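Trainee: Have a look at this one.
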Amino acid sequence: MTEPSPDGRNGRRSRRTRRIVVPLTVVSAIVAGTVLSGCGQQRDENVYTVMNSSTDESYHRWDGDTLERCSKELGITIEQESVPAAQLMTKALRMASSKSLPDVLQLDASEMPTFAEAGGLIPLKDVGLTTTDIPEGIVNFGSFEGKYYGAARTVNTLALFYNKDTLDKAGLPVPTTWAEMQSTARKLTHGKRYGVALSAGGAEDGVFQFTPFMWSNGGDETKLDSPEVAGALDYWKGLLKDGSLSKSTVNWTQADVNDQFMAGNAAMMINGPWQVETLNAKKGLNWGIAGIPVPEAGDDSVGPLGGGVLTVPNTGDSAREKTAAKIIGCMAGEQEQITYALNSWMVPANTKAAAVWRTKAPELAALAGQVSTARSRTAKVGAQWSSVSLALQSAFQSALTGESSEAALKRAQQQVTSGN
Amino acid sequence: MSSTTASATPLPTDAKAPAAAAVRKPVNPRSTKRRRTLAQWGFIAPAVIFMALFFGYPLVRNIVMSFQDYSPSTFFTGEAPFNGLDNWNNVFSDGLFGKALWQTILFTVGSLLGQFTIGLALAVFFTRRFPLNGILRSLILLPWLVPMVVSGIVWRRIFDQDTGVLNSFLDTVGLPGDTPWLTSTSMALISVILVNIWIGIPFNMVILYGGLQEVPKELSEAAALDGASAWRTFRSVTLPMLKPVITVVLVLGFMSTVKILDLVLALTDGGPADSTQTLGTLTYQNSFVQMDFGAGAVVGNILILISAVFAVFYLRVNRNEGK
């Protein structure tokens with residue numbers, strides 16, 4: 001055995017090997033390093049991040065302006081990070097496991113309970129935010145198991161949009177009860193035009209649209225097989241049977257419904273204020289807005305509250321969490337709420353702000369009325385909502401494509417109770 | 001490589017060539033060997049690390065996850081208690097699983113049959129020489145270039161029962177123009193399969209066309225001289241020669257079809273009434289709508305298993321071809 005002493009050739013070879021091995025190892029190390037470094041991001045001391053789903057240019061810009069004003073007011077730098085709505089929840093969860101959550105997280109109100117239940121949110125009262133001037137319904141909207149986690153800037157709900165010209169031409173008033181809506185829709189159905197359009201698609205859109213019918217009829221998501229829920233579903237089936245509602249409704253999202261209305265293929269539609277920007281862009285379309293018709297005259301029209309809430313994720317850094325609460329306080333301040341509401345056609349969450357807004361957007365008064373009676377989807381079932389929603393979608397789609405409402409809803413209730 | 005380097009490197013010794021030793025120092029055969037092994041591993045290492053990180057790790061995690069109670073709170077606490085076969089039981093006892101499995105089979109078999117037959121017919125068609133052959137062939141590639149989600153959205157509009165182009169076209173030519181393409185529980189799956197066939201034709205055509213170029217012209221000429229009809233020639237000469245390519249097309253087609261997700265989401269969202277739910281959409285629904293990652297992992301594992309069976313089949317066929 002002799003000591004390894006490289007001769008010229010071997011030295012060259014080994015140098016050559018090293019020349020290859022080293023870069024390869026370095027590359028591998030870099031790859032591994034990048035993968036692992038994702039796990040421990042350092043937070044910049046003076047830069048705070050707000051993560052939302054404002055990926056649309058206009059929303060991104062409005063939020064950017066708000067954050068610029070708040071940055072100035074609080075003397076810090078606030079950055080906006082926007083993620084598509086459908087990916088926000090999973091992205092936030094991944095950030096939680098890598099301890100890189102943003103300082104403020106805007107969640108859809110229906111997703112907030114899941115995040116709160118997982119222990120991901122700080123109750124806003126603990127970091128100094130109060131609920132003064134916020135109506136009870138909207139406090140509940142941002143609460144889970146009695147704790148207030150999410151501050152809403154604005155809320156939205158569904159309403160009945162109608163084509164003024166079509167109704168005027170037929171000499172028909174805006175319907176206020178189910179019977180009136182059914183007969184009006186039947187009378188307005190003509191040729192390619194349907195009386196009414198709504199979304200009964202197999203996703204959250206359809207469930208959102210079903211809730212005002214279910215709730216106004218006294219039905220409830222805790223008991224899907226009740227006669228009240230079946231009655232609401234039978235009402236939808238009746239519209240379909242009359243031919244006043246297109247069979248394609250089971251395939252439409254709320255955006256599709258809006259397209260149909262704008263194209264003149266529907267005289268009335270159930271939709272939300274987020275469509276107003278698009279509706280106004282179409283010249284010659286003379287639309288009006290009213291509350292969603294109720295089963296019997298005198299009943300309350302109970303619609304679903306929708307929209308995002310601003311939350312403080314549990315990052316374990318209490319100083320930053322307090323600043324995050326201040327950012328939310330600024331974003332959800334009275335003036336910012338009015339600005340945001342006027343931009344996005346939604347209703348301010350704060351009572352005082354809503355009063356100012358009402359004078360500035362009188363054409364949307366019906367919406368304000370609808371919001372005052374509206375309720376949150378997750379108030380009763382909390383984080384269970386996604387299961388209820390899936391079972392309900394499947395049920396009303398089965399019923400609209402042939403099955404009896406009772407049988408479909410009975411199966412849905414079983415599905416929810418068995419936890420599948 | 002190893003044998004050539006060994007013979008190409010004569011090893012001088014100190015004693016016999018002292019003069020040379022000044023220039024060339026002696027070498028230890030062991031260290032050479034060790035270096036060579038090291039070099040070989042150095043070449044393999046990036047691939048191994050890459051595979052382990054991006055394939056091995058997720059795969060193992062997914063298998064482990066299917067035996068865990070993996071919920072949103074896991075992301076905060078890092079705790080995912082093992083719950084034995086609970087997830088598996090839940091998935092199997094859910095009526096939706098059987099339905100989705102059956103629909104996945106229908107979707108896969110239907111798509112493959114359609115894509116392959118039409119793809120093969122077009123491939124054969126384009127082997128003839130005629131004007132505009134090249135241009136037409138490139139035009140047929142279009143569906144391949146369109147992203148799946150875009151196809152889904154466009155086709156959803158085409159299929160619309162009332163305002164869709166397809167029904168108005170049928171109306172114009174005197175056929176019933178009120179077909180509920182995506183809105184009836186009995187039609188929706190068929191419509192989704194039709195769109196997937198449309199998407200899959202180019203891939204099948206291109207690969208089979210390439211295969212057909214490899215079939216020697218002399219063979220079919222000989223068959224023709226022997227009096228075989230065109231169909232007989234195709235069946236007894238062309239098809240057997242094309243077999244290896246056909247296997248590739250079908251196995252690759254199978255693996256990309258069985259895991260279908262984006263197209264279904266864009267077209268029907270699994271509806272109406274779950275009639276287009278497949279294993280792919282079920283995984284998505286479990287994991288990202290219900291946030292039940294354990295159940296999602298179960299369905300995902302079943303999909304991996306199905307694909308793995310076909311991958312093994314593919315490798316076996318390929319190995320036999322090589323002999």
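Scheme for the structure tokens: letters A, B, ... for chains in order shown; per-chain residue numbers from 1; ligand numbers from 1 in order shown.
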Do a neighbour search on Leu282 (chain B) at 10 Å with only C-alpha atoms, toss out local chain neighbours closer than 5 positions, and write the hits as a ChimeraX atom specification.

Mentor: /B:91,96-97,100-101,261,270,274,277,287-289,295-296,299-300

Trainee: If you count only C-alpha atoms, which residues fall within 8 Å of Gln370 (chain A), apart from same-chain ones fewer than 2 positions away, as a PDB file with all heavy atoms, in the first residue's frame?

Mentor:
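part_37.pdb, written as the output of this step:
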```
ATOM      1  N   THR A 157     -74.577  41.129  -1.017  1.00  0.00           N
ATOM      2  CA  THR A 157     -75.589  40.087  -0.926  1.00  0.00           C
ATOM      3  C   THR A 157     -76.225  39.984  -2.299  1.00  0.00           C
ATOM      4  O   THR A 157     -75.775  40.624  -3.240  1.00  0.00           O
ATOM      5  CB  THR A 157     -76.630  40.430   0.157  1.00  0.00           C
ATOM      6  OG1 THR A 157     -77.504  39.313   0.316  1.00  0.00           O
ATOM      7  CG2 THR A 157     -77.450  41.654  -0.220  1.00  0.00           C
ATOM      8  N   LEU A 158     -77.246  39.153  -2.410  1.00  0.00           N
ATOM      9  CA  LEU A 158     -77.901  38.993  -3.701  1.00  0.00           C
ATOM     10  C   LEU A 158     -79.139  39.868  -3.761  1.00  0.00           C
ATOM     11  O   LEU A 158     -79.716  40.216  -2.741  1.00  0.00           O
ATOM     12  CB  LEU A 158     -78.297  37.527  -3.907  1.00  0.00           C
ATOM     13  CG  LEU A 158     -77.125  36.572  -4.073  1.00  0.00           C
ATOM     14  CD1 LEU A 158     -77.592  35.134  -3.973  1.00  0.00           C
ATOM     15  CD2 LEU A 158     -76.412  36.819  -5.393  1.00  0.00           C
ATOM     16  N   ALA A 159     -79.515  40.213  -4.961  1.00  0.00           N
ATOM     17  CA  ALA A 159     -80.732  41.007  -5.164  1.00  0.00           C
ATOM     18  C   ALA A 159     -81.336  40.605  -6.498  1.00  0.00           C
ATOM     19  O   ALA A 159     -80.750  39.816  -7.244  1.00  0.00           O
ATOM     20  CB  ALA A 159     -80.388  42.492  -5.162  1.00  0.00           C
ATOM     21  N   GLY A 291     -85.301  43.930  -4.036  1.00  0.00           N
ATOM     22  CA  GLY A 291     -85.076  42.827  -3.105  1.00  0.00           C
ATOM     23  C   GLY A 291     -85.529  41.517  -3.741  1.00  0.00           C
ATOM     24  O   GLY A 291     -86.333  41.514  -4.674  1.00  0.00           O
ATOM     25  N   ILE A 292     -84.993  40.416  -3.212  1.00  0.00           N
ATOM     26  CA  ILE A 292     -85.402  39.115  -3.755  1.00  0.00           C
ATOM     27  C   ILE A 292     -86.819  38.801  -3.265  1.00  0.00           C
ATOM     28  O   ILE A 292     -87.104  38.939  -2.082  1.00  0.00           O
ATOM     29  CB  ILE A 292     -84.409  38.020  -3.312  1.00  0.00           C
ATOM     30  CG1 ILE A 292     -83.043  38.321  -3.933  1.00  0.00           C
ATOM     31  CG2 ILE A 292     -84.886  36.638  -3.728  1.00  0.00           C
ATOM     32  CD1 ILE A 292     -81.959  37.406  -3.502  1.00  0.00           C
ATOM     33  N   SER A 301     -87.196  38.963   3.462  1.00  0.00           N
ATOM     34  CA  SER A 301     -86.327  38.436   2.414  1.00  0.00           C
ATOM     35  C   SER A 301     -84.923  38.275   3.000  1.00  0.00           C
ATOM     36  O   SER A 301     -84.219  39.250   3.230  1.00  0.00           O
ATOM     37  CB  SER A 301     -86.292  39.402   1.233  1.00  0.00           C
ATOM     38  OG  SER A 301     -85.435  38.919   0.246  1.00  0.00           O
ATOM     39  N   VAL A 302     -84.568  37.028   3.301  1.00  0.00           N
ATOM     40  CA  VAL A 302     -83.285  36.780   3.954  1.00  0.00           C
ATOM     41  C   VAL A 302     -82.251  36.317   2.930  1.00  0.00           C
ATOM     42  O   VAL A 302     -82.337  35.200   2.418  1.00  0.00           O
ATOM     43  CB  VAL A 302     -83.417  35.710   5.064  1.00  0.00           C
ATOM     44  CG1 VAL A 302     -82.130  35.635   5.866  1.00  0.00           C
ATOM     45  CG2 VAL A 302     -84.598  36.002   5.949  1.00  0.00           C
ATOM     46  N   GLY A 303     -81.318  37.176   2.636  1.00  0.00           N
ATOM     47  CA  GLY A 303     -80.283  36.826   1.660  1.00  0.00           C
ATOM     48  C   GLY A 303     -78.987  36.443   2.360  1.00  0.00           C
ATOM     49  O   GLY A 303     -78.861  36.604   3.578  1.00  0.00           O
ATOM     50  N   ALA A 366     -82.011  49.335  -2.616  1.00  0.00           N
ATOM     51  CA  ALA A 366     -82.586  48.000  -2.433  1.00  0.00           C
ATOM     52  C   ALA A 366     -81.559  47.053  -1.822  1.00  0.00           C
ATOM     53  O   ALA A 366     -81.887  46.172  -1.024  1.00  0.00           O
ATOM     54  CB  ALA A 366     -83.067  47.445  -3.762  1.00  0.00           C
ATOM     55  N   LEU A 367     -80.316  47.282  -2.209  1.00  0.00           N
ATOM     56  CA  LEU A 367     -79.235  46.431  -1.736  1.00  0.00           C
ATOM     57  C   LEU A 367     -79.012  46.643  -0.239  1.00  0.00           C
ATOM     58  O   LEU A 367     -78.807  45.688   0.517  1.00  0.00           O
ATOM     59  CB  LEU A 367     -77.987  46.811  -2.508  1.00  0.00           C
ATOM     60  CG  LEU A 367     -76.990  45.727  -2.800  1.00  0.00           C
ATOM     61  CD1 LEU A 367     -77.646  44.598  -3.544  1.00  0.00           C
ATOM     62  CD2 LEU A 367     -75.864  46.305  -3.619  1.00  0.00           C
ATOM     63  N   ALA A 368     -79.085  47.911   0.168  1.00  0.00           N
ATOM     64  CA  ALA A 368     -78.889  48.221   1.576  1.00  0.00           C
ATOM     65  C   ALA A 368     -79.980  47.561   2.415  1.00  0.00           C
ATOM     66  O   ALA A 368     -79.714  47.014   3.489  1.00  0.00           O
ATOM     67  CB  ALA A 368     -78.899  49.731   1.778  1.00  0.00           C
ATOM     68  N   SER A 372     -79.533  44.517   5.365  1.00  0.00           N
ATOM     69  CA  SER A 372     -79.940  44.628   6.765  1.00  0.00           C
ATOM     70  C   SER A 372     -80.597  43.352   7.289  1.00  0.00           C
ATOM     71  O   SER A 372     -80.578  43.088   8.485  1.00  0.00           O
ATOM     72  CB  SER A 372     -80.854  45.842   6.951  1.00  0.00           C
ATOM     73  OG  SER A 372     -82.032  45.624   6.201  1.00  0.00           O
ATOM     74  N   THR A 373     -81.187  42.533   6.400  1.00  0.00           N
ATOM     75  CA  THR A 373     -81.794  41.288   6.867  1.00  0.00           C
ATOM     76  C   THR A 373     -80.923  40.072   6.533  1.00  0.00           C
ATOM     77  O   THR A 373     -81.235  38.956   6.919  1.00  0.00           O
ATOM     78  CB  THR A 373     -83.175  41.059   6.213  1.00  0.00           C
ATOM     79  OG1 THR A 373     -83.030  41.167   4.792  1.00  0.00           O
ATOM     80  CG2 THR A 373     -84.190  42.059   6.708  1.00  0.00           C
ATOM     81  N   ALA A 374     -79.863  40.297   5.788  1.00  0.00           N
ATOM     82  CA  ALA A 374     -79.056  39.163   5.318  1.00  0.00           C
ATOM     83  C   ALA A 374     -78.303  38.502   6.466  1.00  0.00           C
ATOM     84  O   ALA A 374     -78.055  39.110   7.491  1.00  0.00           O
ATOM     85  CB  ALA A 374     -78.072  39.648   4.267  1.00  0.00           C
TER      86      ALA A 374
END
```

Trainee: Excluding Trp181 (chain B) and its own-chain neighbours fewer than 2 positions away, which residues fall within 6 Å of it when counting only C-alpha atoms? Please give them as an NGL selection string.

Mentor: :B and (159 or 179 or 183 or 187-188 or 191)

Trainee: Okay, now the selection with C-alpha atoms, as a tab-separated table (two decimals), in the first residue's frame?

Mentor:
```tsv
chain	number	residue	atom	x	y	z
B	159	PHE	CA	-72.46	23.46	-25.65
B	179	THR	CA	-79.78	18.83	-26.90
B	183	THR	CA	-77.19	20.12	-18.44
B	187	MET	CA	-75.51	13.66	-21.56
B	188	ALA	CA	-72.89	15.61	-19.60
B	191	SER	CA	-70.10	15.77	-23.90
```

Trainee: One decimal, Å: what's the distance from CA of Asp162 (chain B) over to CA of Gly264 (chain A), could you say?

Mentor: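 For CA of Asp162 (chain B) relative to CA of Gly264 (chain A), the distance reads 12.6 Å.
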
Trainee: May I have the residues of chain B within 8 Å of chain A, counting only C-alpha atoms, written as a PyMOL selection string?

Mentor: chain B and resi 23-28+31-32+35+39+42-43+45-46+49-50+71-76+78+90-91+94+160-162+180+182-185+268-274+288-290

Trainee: Pick out the residues sitting within 8 Å of Thr184 (chain A), and hand them over as a list in words; count only C-alpha atoms, and ignore anything fewer than 3 positions along from it in its own chain.

Mentor: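 Everything that qualifies: Leu172, Pro175, Glu180, Met181, Lys187, Leu188 and Gly195 of chain A.
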
Trainee: Can you write out the residues you just picked, keeping N, CA and C atoms, as a PDB file, in the first residue's frame?

Mentor:
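The result, written out as selection38.pdb:
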```
ATOM      1  N   LEU A 172     -95.577  45.367 -16.564  1.00  0.00           N
ATOM      2  CA  LEU A 172     -95.545  44.548 -15.349  1.00  0.00           C
ATOM      3  C   LEU A 172     -94.768  45.243 -14.232  1.00  0.00           C
ATOM      4  N   PRO A 175     -91.724  42.163  -9.350  1.00  0.00           N
ATOM      5  CA  PRO A 175     -92.338  41.187  -8.443  1.00  0.00           C
ATOM      6  C   PRO A 175     -91.766  41.264  -7.033  1.00  0.00           C
ATOM      7  N   GLU A 180     -95.770  36.180  -7.693  1.00  0.00           N
ATOM      8  CA  GLU A 180     -95.640  37.268  -8.664  1.00  0.00           C
ATOM      9  C   GLU A 180     -94.430  37.046  -9.578  1.00  0.00           C
ATOM     10  N   MET A 181     -93.325  36.611  -8.959  1.00  0.00           N
ATOM     11  CA  MET A 181     -92.106  36.405  -9.740  1.00  0.00           C
ATOM     12  C   MET A 181     -92.333  35.299 -10.776  1.00  0.00           C
ATOM     13  N   LYS A 187     -94.693  35.417 -18.097  1.00  0.00           N
ATOM     14  CA  LYS A 187     -95.152  36.375 -19.109  1.00  0.00           C
ATOM     15  C   LYS A 187     -93.995  36.968 -19.916  1.00  0.00           C
ATOM     16  N   LEU A 188     -92.839  37.074 -19.275  1.00  0.00           N
ATOM     17  CA  LEU A 188     -91.704  37.691 -19.980  1.00  0.00           C
ATOM     18  C   LEU A 188     -90.912  36.699 -20.823  1.00  0.00           C
ATOM     19  N   GLY A 195     -87.653  34.347 -18.684  1.00  0.00           N
ATOM     20  CA  GLY A 195     -88.169  35.312 -17.719  1.00  0.00           C
ATOM     21  C   GLY A 195     -87.144  35.655 -16.658  1.00  0.00           C
TER      22      GLY A 195
END
```

Trainee: Enter the distance from CA of Thr311 (chain A) to CA of Thr253 (chain A), in Å, rounded to one decimal.

Mentor: 27.7 Å

Trainee: What does the distance from CA of Gly231 (chain A) to CA of Tyr162 (chain A) come to in Å, to one decimal?

Mentor: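 A separation of 24.2 Å between them.
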
Trainee: For Val309 (chain A), work out the shell of residues within 8 Å, counting only C-alpha atoms and skipping chain neighbours fewer than 6 positions away, then give it as a PDB file with N, CA and C atoms, in the first residue's frame.

Mentor:
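Once written, out-v9.pdb looks like this:
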```pdb
ATOM      1  N   GLN A 106     -56.791  38.659   4.038  1.00  0.00           N
ATOM      2  CA  GLN A 106     -58.202  38.839   3.708  1.00  0.00           C
ATOM      3  C   GLN A 106     -58.769  37.513   3.232  1.00  0.00           C
ATOM      4  N   LEU A 107     -59.739  36.996   3.966  1.00  0.00           N
ATOM      5  CA  LEU A 107     -60.330  35.708   3.615  1.00  0.00           C
ATOM      6  C   LEU A 107     -61.775  35.912   3.204  1.00  0.00           C
ATOM      7  N   ASP A 108     -62.282  35.002   2.354  1.00  0.00           N
ATOM      8  CA  ASP A 108     -63.699  35.024   2.090  1.00  0.00           C
ATOM      9  C   ASP A 108     -64.389  34.603   3.382  1.00  0.00           C
ATOM     10  N   ALA A 109     -65.506  35.284   3.699  1.00  0.00           N
ATOM     11  CA  ALA A 109     -66.147  35.031   4.991  1.00  0.00           C
ATOM     12  C   ALA A 109     -66.509  33.555   5.175  1.00  0.00           C
ATOM     13  N   MET A 112     -63.349  31.771   6.446  1.00  0.00           N
ATOM     14  CA  MET A 112     -62.756  32.212   7.709  1.00  0.00           C
ATOM     15  C   MET A 112     -62.892  31.169   8.826  1.00  0.00           C
ATOM     16  N   GLY A 142     -68.318  38.110  10.729  1.00  0.00           N
ATOM     17  CA  GLY A 142     -66.871  37.962  10.912  1.00  0.00           C
ATOM     18  C   GLY A 142     -66.510  37.178  12.159  1.00  0.00           C
ATOM     19  N   GLY A 150     -62.890  38.517  12.057  1.00  0.00           N
ATOM     20  CA  GLY A 150     -62.721  39.152  10.754  1.00  0.00           C
ATOM     21  C   GLY A 150     -63.497  40.439  10.622  1.00  0.00           C
ATOM     22  N   ALA A 151     -62.797  41.532  10.298  1.00  0.00           N
ATOM     23  CA  ALA A 151     -63.459  42.814  10.104  1.00  0.00           C
ATOM     24  C   ALA A 151     -63.807  42.968   8.634  1.00  0.00           C
ATOM     25  N   ALA A 152     -65.092  43.204   8.361  1.00  0.00           N
ATOM     26  CA  ALA A 152     -65.500  43.426   6.977  1.00  0.00           C
ATOM     27  C   ALA A 152     -65.410  44.912   6.679  1.00  0.00           C
ATOM     28  N   ARG A 153     -64.943  45.234   5.488  1.00  0.00           N
ATOM     29  CA  ARG A 153     -64.970  46.634   5.070  1.00  0.00           C
ATOM     30  C   ARG A 153     -66.333  46.908   4.470  1.00  0.00           C
TER      31      ARG A 153
END
```

Trainee: Within region 49-180 of chain B, find each residue whose DSSP state, derived from the backbone, is alpha helix (DSSP H), and express the selection as an NGL selection string.

Mentor: :B and (49-51 or 57-65 or 74-77 or 86-93 or 95-127 or 133-140 or 142-145 or 148-159 or 165-172)

Trainee: As number ranges by chain, please: the residues near Lys223 (chain A) (cut-off 7 Å, only C-alpha atoms, same-chain neighbours under 3 positions excluded).

Mentor: A: 220, 226, 413

Trainee: Store the residues of this selection in a file with all heavy atoms, as a short mmCIF file (atom, residue, chain, number, x, y, z; two decimals), in the first residue's frame.

Mentor:
```cif
data_model
loop_
_atom_site.label_atom_id
_atom_site.label_comp_id
_atom_site.auth_asym_id
_atom_site.auth_seq_id
_atom_site.Cartn_x
_atom_site.Cartn_y
_atom_site.Cartn_z
N ASP A 220 -83.38 25.85 6.60
CA ASP A 220 -82.15 26.03 7.36
C ASP A 220 -81.11 25.00 6.92
O ASP A 220 -81.44 23.86 6.61
CB ASP A 220 -82.50 25.78 8.83
CG ASP A 220 -81.45 26.35 9.75
OD1 ASP A 220 -80.28 26.10 9.48
OD2 ASP A 220 -81.84 27.04 10.71
N SER A 226 -85.84 19.29 5.56
CA SER A 226 -87.09 19.86 6.07
C SER A 226 -87.99 20.25 4.90
O SER A 226 -87.52 20.50 3.79
CB SER A 226 -86.79 21.08 6.92
OG SER A 226 -86.38 22.14 6.08
N GLN A 413 -78.92 15.37 3.49
CA GLN A 413 -78.85 15.46 4.94
C GLN A 413 -78.07 14.26 5.51
O GLN A 413 -77.24 14.41 6.40
CB GLN A 413 -80.27 15.53 5.53
CG GLN A 413 -80.31 15.67 7.04
CD GLN A 413 -79.55 16.91 7.53
OE1 GLN A 413 -79.60 17.98 6.90
NE2 GLN A 413 -78.83 16.78 8.64
#
```

Trainee: Go through region 42-141 of chain B and flag each residue having an atom no more than 8 Å from region 239-256 of chain B; for those, report the closest pair of atoms plus their distance in Å to one decimal, using only C-alpha atoms, ordered by chain and rising number, as JSON lines.

Mentor:
```
{"residue": "B:Thr108", "atom": "CA", "partner": "B:Phe254", "partner_atom": "CA", "distance": 6.7}
{"residue": "B:Leu112", "atom": "CA", "partner": "B:Gly253", "partner_atom": "CA", "distance": 6.8}
{"residue": "B:Phe116", "atom": "CA", "partner": "B:Leu250", "partner_atom": "CA", "distance": 7.6}
```

Trainee: Using only C-alpha atoms, determine which residues lie at most 10 Å from region 233-236 of chain B, disregarding the query and same-chain residues fewer than 5 positions distant; provide the list as a CSV table (one decimal) with C-alpha atoms, in the first residue's frame.

Mentor:
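Contents of the output file selection.csv:
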```csv
chain,number,residue,atom,x,y,z
B,124,VAL,CA,-53.4,7.3,-42.6
B,219,LEU,CA,-44.1,-4.1,-47.7
B,220,SER,CA,-47.5,-2.7,-48.7
B,221,GLU,CA,-46.4,-2.7,-52.4
B,222,ALA,CA,-45.6,-6.4,-52.1
B,223,ALA,CA,-48.9,-7.1,-50.4
B,224,ALA,CA,-50.7,-5.2,-53.2
B,226,ASP,CA,-50.0,-10.4,-53.9
B,227,GLY,CA,-53.5,-9.2,-54.5
B,228,ALA,CA,-54.4,-7.9,-51.0
B,241,MET,CA,-45.7,-2.9,-38.0
```
